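Right, one structure below, let's go through it.
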Amino acid sequence: MKKKTILIVPPQGSEVKAIRIRLSVAVAFSVLVMIGFAGYFIPFNSFTLNVVEQNQKKNLSDQNKSLLQRINSTLKLTNNLKDQVARLEEKRLAISKSTTVGDHPEPQKKTGIDFSRLQADEMLVYVESQELKLKSFIESTEERSNVFERIPVISPVSGSQMISRRFGSSRDPFSENLKWHNGIDFVAPEGYPVIATASGTVTRVENHPVWGKRIYVDHGEFRTIYAHLGKTGVAKGKKVNKGDEIGTIGMSGLSTGPHIHYEIWRNGSAVNPEDYFFPDIESASLEAGSGNNL
């Protein structure tokens, strides 16, 4: 086995000493000395710090993504709440114009609220408070009179139904031209019940070449029309109560599928039925455009 000789020369002429060590021991000793120097000039904890920093950056990136998703969700919620506030205000005004409670009706007051400055949680609180006020108003009114029995504030199709065409200007499904639509179209399975949206008297039951089987109900200040019915369950002159079944969903007349065309007329003018539904249409509605019905 190879050995190396190390000479130790002391000062002041002392005896020279010779030390013989194995080559492997010398190499190991040299390696240890080099590692010591490396540890002094290049701290090993720098590697650990790099790993920690990388983990922190990854965590921050994940947190930023999560925060961005929450911000996007909040923006969507805010926009939805703004739409709800606008609809609630329209319904409140429409209902208030339809009736007065007591001898001295309360004058309309401006809210003075800048909805663009409200946070999402503040908007939600406002919407809930407005709904509670409207519900309380209707409950207190119905306890003293049946004024709301003759105002069409419910949907002609109960449950979760879809709206395929809304009130106003929209594209005709047959001609593809823009036409004024005096009502809204509810899509529902054929044979599904259609109910009277207010108490009144049936004034006409007909089978029209375009509108199919159609029923007119007079409520005094209001009149409602139900078209494209499958079956009619009432006759002219019959008195109906709000919620009574008067027919079924069908596709009579010119129709692209089973649905009901529903209109509200007030003092001789067509009005938007969605302004009178309370507290909201209990249906999953689609925007007008795709799958429109006549």
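By convention in this document, the chains of the structure tokens carry letters A, B, ... by their order, each chain's residues are numbered from 1, and ligands are numbered from 1 in the order they are shown.
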Leaving out Gly168 in chain A and any residue of its chain fewer than 5 positions from it, which residues lie within 10 Å of it when counting only C-alpha atoms, given as a ChimeraX atom specification?
-> /A:178-184,271-272
Near Glu206 in chain A, counting only C-alpha atoms, which residues have an atom at most 10 Å away, once you skip same-chain residues fewer than 5 positions from it, shown as a list in words?
-> Trp211, Gly212, Lys213, Arg214, Ile215, Tyr216, Ala227, Thr232, Ala235 and Lys236 of chain A
The selected residues should be written to file as a PDB file, in the first residue's frame (atoms: N, CA and C atoms).
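The resulting file, again36.pdb, is reproduced below:
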```pdb
ATOM      1  N   TRP A 211    -102.414  32.639 -33.277  1.00  0.00           N
ATOM      2  CA  TRP A 211    -102.176  32.530 -31.843  1.00  0.00           C
ATOM      3  C   TRP A 211    -102.745  31.251 -31.239  1.00  0.00           C
ATOM      4  N   GLY A 212    -103.401  30.459 -32.040  1.00  0.00           N
ATOM      5  CA  GLY A 212    -103.910  29.185 -31.555  1.00  0.00           C
ATOM      6  C   GLY A 212    -105.023  29.358 -30.532  1.00  0.00           C
ATOM      7  N   LYS A 213    -105.126  28.420 -29.619  1.00  0.00           N
ATOM      8  CA  LYS A 213    -106.140  28.493 -28.568  1.00  0.00           C
ATOM      9  C   LYS A 213    -105.744  29.593 -27.584  1.00  0.00           C
ATOM     10  N   ARG A 214    -106.632  30.573 -27.455  1.00  0.00           N
ATOM     11  CA  ARG A 214    -106.277  31.774 -26.695  1.00  0.00           C
ATOM     12  C   ARG A 214    -107.417  32.157 -25.750  1.00  0.00           C
ATOM     13  N   ILE A 215    -107.023  32.578 -24.525  1.00  0.00           N
ATOM     14  CA  ILE A 215    -107.990  32.963 -23.486  1.00  0.00           C
ATOM     15  C   ILE A 215    -107.723  34.400 -23.065  1.00  0.00           C
ATOM     16  N   TYR A 216    -108.821  35.189 -22.953  1.00  0.00           N
ATOM     17  CA  TYR A 216    -108.750  36.554 -22.430  1.00  0.00           C
ATOM     18  C   TYR A 216    -109.439  36.570 -21.066  1.00  0.00           C
ATOM     19  N   ALA A 227    -101.965  32.499 -24.864  1.00  0.00           N
ATOM     20  CA  ALA A 227    -102.081  31.999 -26.237  1.00  0.00           C
ATOM     21  C   ALA A 227    -101.224  30.753 -26.456  1.00  0.00           C
ATOM     22  N   THR A 232    -108.055  24.263 -23.353  1.00  0.00           N
ATOM     23  CA  THR A 232    -108.666  25.344 -22.573  1.00  0.00           C
ATOM     24  C   THR A 232    -109.666  24.727 -21.607  1.00  0.00           C
ATOM     25  N   ALA A 235    -114.717  28.676 -20.052  1.00  0.00           N
ATOM     26  CA  ALA A 235    -115.580  29.201 -21.108  1.00  0.00           C
ATOM     27  C   ALA A 235    -115.832  30.675 -20.856  1.00  0.00           C
ATOM     28  N   LYS A 236    -116.317  31.361 -21.891  1.00  0.00           N
ATOM     29  CA  LYS A 236    -116.616  32.780 -21.777  1.00  0.00           C
ATOM     30  C   LYS A 236    -117.628  33.023 -20.659  1.00  0.00           C
TER      31      LYS A 236
END
```
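One finds CA of Ile163 in chain A at 13.9 Å from CA of Thr256 in chain A.
Take CA of Asn241 in chain A and CA of Ile264 in chain A: the distance between them is 16.4 Å.
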So which one's closest to Pro209 in chain A, A:Val31, A:Leu67, A:Met251, A:Val125? Using only C-alpha atoms, please.
-> A:Met251
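By only C-alpha atoms, and with residues fewer than 5 positions from Gly233 in chain A along its chain excluded, the set lying at most 8 Å from it is Glu245, Ile246 and Gly247 of chain A.
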Selected residues written out, N, CA and C atoms, as a short mmCIF file (atom, residue, chain, number, x, y, z; two decimals), in the first residue's frame:
```
data_model
loop_
_atom_site.label_atom_id
_atom_site.label_comp_id
_atom_site.auth_asym_id
_atom_site.auth_seq_id
_atom_site.Cartn_x
_atom_site.Cartn_y
_atom_site.Cartn_z
N GLU A 245 -106.46 26.78 -12.51
CA GLU A 245 -105.99 26.27 -13.80
C GLU A 245 -107.02 26.61 -14.88
N ILE A 246 -106.55 27.24 -15.95
CA ILE A 246 -107.47 27.63 -17.03
C ILE A 246 -107.14 26.94 -18.35
N GLY A 247 -106.01 26.26 -18.42
CA GLY A 247 -105.62 25.56 -19.64
C GLY A 247 -104.32 24.82 -19.44
#
```
Strand (DSSP E) per DSSP on the backbone: members of range 194-258 of chain A, as a PyMOL selection string | chain A and resi 194-195+200-208+212-218+222-232+239-240+245-249
Work out how far CA of Val205 in chain A is from CA of Pro273 in chain A, in Å to one decimal.
-> 20.8 Å
